[in-house]
Amino acid sequence: MSIHTDELRTKKIEALITPRELAVETPVHAELAEHILTARHDIEAILRGDDQRLLVIVGPCSLHDPLAAVAYAQKLTALRARYADSLCIVMRAYFEKPRTVVGWKGLINDPGLDGSFRVNAGLRLARKLLHDINALGLPTATEFLDMVTGQYIADLISWGAIGARTTESQVHREMASALSCPVGFKNGTDGNIRIAIDAVRASAHSHMFNSPDKDGKMTIYQTSGNPYGHVILRGGKRPNYDTASIDVACDDLAKAGLPQRLVVDFSHGNSQKDHRRQLEVGADICDQLKRGRTAIAGVMIESFIEEGRQDVTPGCPLTFGQSITDACLGWEQTAGLLEKLAAAASVRQRLVRG
Ligand SMILES: O=C[C@H](O)[C@H](O)COP(=O)(O)O
Ligand SMILES: C=C(OP(=O)(O)O)C(=O)O
């Protein structure tokens, strides 16, 4: 009789669909691929400082309702076109949530919002949504958290983030070194920027990376390194979006031999989790842009159709277009903020051109 010493704390739920099976269901046709490659090139040019437009990653904290996500994307598409001369607007399309302790971990993990963990259904919904948002002409951004699920959606992503809780993780840095899109690294939840700078340096290198291939076969990959890693200031115990904090971050980047170009997240530690404070952060960033601050390559905003957030309560209907994770700005607040950012980014463009 064999005695098991492992798999004592797991039970199989079901087999995962493979990335290729999913890509056959929701393929990326040539026109869509062109749009994604163009969006990545635009973002890369902004990160290099060759394009002085402001990158704006804006959208819900997490996507839980495909209909609301598409309704939001349609509104945002109009603003992407309106401000195309000064802003490069990309929609936050976050399907994986890192939790401080426990909680709903996103649409891929639990599309039913009820602990039923129908991951295959979640992957299908996420891929279809990314496809449909990109088909509107709106590029998408996401956090890469899980070491497996990225293979199912990465071809539809124009900008990726590694979150505050995983920036210091070696496997996430290896994954970033393999990703085909530019990747931002958040500073740590306590405000530590050094780990994000180390992550940018690590992900620029080639690594050996174990991952399932598109057919689900465990594969040893050699990555070529990601030249478009950058730091995201998201605040920590204290905010770090102000002029003095950005000066410190720029000094640290220069000492590490990295370009002084970064992204500022208006939410999280910078809003001290009060979604309305994103407007104050935005006003400060607009002032810095109008003074010609070139270090600010981009910003992140948490926004949805309805302001605030809601709890998921079994049996109670959800408010359409309102976050079920972090509280977000509502649509009117978002539109006002984007208008101000566009005006400030235009001033900076004029200053830089001389
Ligand atoms: O962005 C979302 C949240 O800040 C992050 O997932 C942590 O959430 P939690 O502290 O509610 O778990
Ligand atoms: C979880 C997020 O941010 P952070 O990693 O900064 O907490 C997020 O942007 O959704």
# chains A, B, ... in the order shown; residues from 1 in each chain; ligands from 1

$ closest_atom_pairs --of "chain A" --to "ligand 1" --cutoff "7 Å" --atoms "only C-alpha atoms and all ligand atoms" --output "CSV"
residue,atom,partner,partner_atom_place_in_ligand_line,distance
A:Cys61,CA,ligand 1,1 (O),5.7
A:Lys97,CA,ligand 1,6 (O),4.7
A:Pro98,CA,ligand 1,6 (O),4.5
A:Arg99,CA,ligand 1,12 (O),3.4
A:Thr100,CA,ligand 1,12 (O),3.9
A:Val101,CA,ligand 1,12 (O),5.7
A:Val102,CA,ligand 1,12 (O),6.1
A:Gly103,CA,ligand 1,12 (O),6.1
A:His268,CA,ligand 1,4 (O),6.0
A:Thr325,CA,ligand 1,2 (C),6.2
A:Asp326,CA,ligand 1,2 (C),5.4

$ residues_near_ligand --ligand "ligand 2" --cutoff "10 Å" --atoms "only C-alpha atoms and all ligand atoms" --output "PDB file with C-alpha atoms, in the first residue's frame"
ATOM      1  CA  PRO A  60     -12.253  50.263 -12.383  1.00  0.00           C
ATOM      2  CA  CYS A  61     -10.273  48.806  -9.507  1.00  0.00           C
ATOM      3  CA  SER A  62     -11.516  45.435 -10.781  1.00  0.00           C
ATOM      4  CA  ARG A  92      -7.496  49.508 -16.514  1.00  0.00           C
ATOM      5  CA  ALA A  93      -8.870  45.993 -17.043  1.00  0.00           C
ATOM      6  CA  TYR A  94      -7.937  44.211 -13.815  1.00  0.00           C
ATOM      7  CA  PHE A  95      -9.017  40.594 -13.428  1.00  0.00           C
ATOM      8  CA  GLU A  96      -6.744  39.500 -10.578  1.00  0.00           C
ATOM      9  CA  LYS A  97      -6.794  41.147  -7.168  1.00  0.00           C
ATOM     10  CA  PRO A  98      -3.995  40.704  -4.615  1.00  0.00           C
ATOM     11  CA  ARG A  99      -5.604  40.750  -1.166  1.00  0.00           C
ATOM     12  CA  THR A 100      -4.057  42.028   2.038  1.00  0.00           C
ATOM     13  CA  THR A 142      -3.796  44.748 -16.296  1.00  0.00           C
ATOM     14  CA  GLU A 143      -1.949  43.472 -13.246  1.00  0.00           C
ATOM     15  CA  LEU A 145      -0.417  38.384 -10.442  1.00  0.00           C
ATOM     16  CA  ALA A 161       1.668  46.127 -13.696  1.00  0.00           C
ATOM     17  CA  ILE A 162       3.307  44.160 -10.955  1.00  0.00           C
ATOM     18  CA  GLY A 163       1.570  45.107  -7.723  1.00  0.00           C
ATOM     19  CA  ALA A 164       2.908  46.494  -4.468  1.00  0.00           C
ATOM     20  CA  ARG A 165       2.641  43.097  -2.798  1.00  0.00           C
ATOM     21  CA  THR A 166       4.651  41.267  -5.489  1.00  0.00           C
ATOM     22  CA  THR A 167       7.245  43.771  -6.769  1.00  0.00           C
ATOM     23  CA  PHE A 185       6.397  48.018 -10.759  1.00  0.00           C
ATOM     24  CA  LYS A 186       4.607  49.540  -7.782  1.00  0.00           C
ATOM     25  CA  ASN A 187       6.557  50.673  -4.757  1.00  0.00           C
ATOM     26  CA  GLY A 188       5.906  48.473  -1.687  1.00  0.00           C
ATOM     27  CA  THR A 189       2.804  48.895   0.468  1.00  0.00           C
ATOM     28  CA  GLY A 191       6.294  53.075   0.554  1.00  0.00           C
ATOM     29  CA  ILE A 232       4.975  53.340 -10.208  1.00  0.00           C
ATOM     30  CA  LEU A 233       4.677  55.622  -7.178  1.00  0.00           C
ATOM     31  CA  ARG A 234       1.536  54.494  -5.316  1.00  0.00           C
ATOM     32  CA  GLY A 235       2.298  55.915  -1.870  1.00  0.00           C
ATOM     33  CA  GLY A 236       2.548  53.818   1.259  1.00  0.00           C
ATOM     34  CA  ASP A 265      -0.860  56.136  -9.127  1.00  0.00           C
ATOM     35  CA  PHE A 266      -3.469  58.578  -7.766  1.00  0.00           C
ATOM     36  CA  SER A 267      -5.122  55.824  -5.712  1.00  0.00           C
ATOM     37  CA  HIS A 268      -3.998  53.367  -3.010  1.00  0.00           C
ATOM     38  CA  GLY A 269      -1.401  54.896  -0.640  1.00  0.00           C
ATOM     39  CA  ASN A 270      -1.521  58.179  -2.560  1.00  0.00           C
ATOM     40  CA  LYS A 273      -7.763  54.781   0.195  1.00  0.00           C
ATOM     41  CA  MET A 300      -3.131  55.712 -12.863  1.00  0.00           C
ATOM     42  CA  ILE A 301      -6.713  56.462 -11.791  1.00  0.00           C
ATOM     43  CA  GLU A 302      -9.348  54.175 -10.253  1.00  0.00           C
ATOM     44  CA  THR A 325     -13.229  46.202  -4.498  1.00  0.00           C
ATOM     45  CA  ASP A 326     -11.637  49.636  -3.881  1.00  0.00           C
TER      46      ASP A 326
END

$ atom_distance --atom1 "CA of Val352 (chain A)" --atom2 "CA of Ile285 (chain A)"
16.5 Å

$ closest_residue --among "A:Gly160, A:Pro66, A:Gly137, A:Pro27" --to "Pro111 (chain A)" --atoms "only C-alpha atoms"
A:Pro66

$ select_by_dssp --residues "region 35-207 of chain A" --states "alpha helix (DSSP H)" --output "number ranges by chain"
A: 35-48, 66-82, 119-135, 150-153, 170-178, 194-203

$ closest_residue --among "A:Lys11, A:Arg261, A:Arg124, A:Arg291" --to "Asn109 (chain A)" --atoms "only C-alpha atoms"
A:Arg124

$ closest_residue --among "A:Val171, A:Ile157, A:Ala283, A:Leu258" --to "Val183 (chain A)" --atoms "only C-alpha atoms"
A:Ile157

$ select_by_dssp --residues "region 152-329 of chain A" --states "strand (DSSP E or B)" --output "PyMOL selection string"
chain A and resi 159-162+183-186+208-212+218-222+229-233+262-265+296-303+308-309+323+328-329

$ residues_around --residues "Ala45 (chain A)" --least-positions-apart "3" --cutoff "12 Å" --atoms "only C-alpha atoms" --output "PyMOL selection string"
chain A and resi 38-42+48-55+88+182+227-228+261+297-298
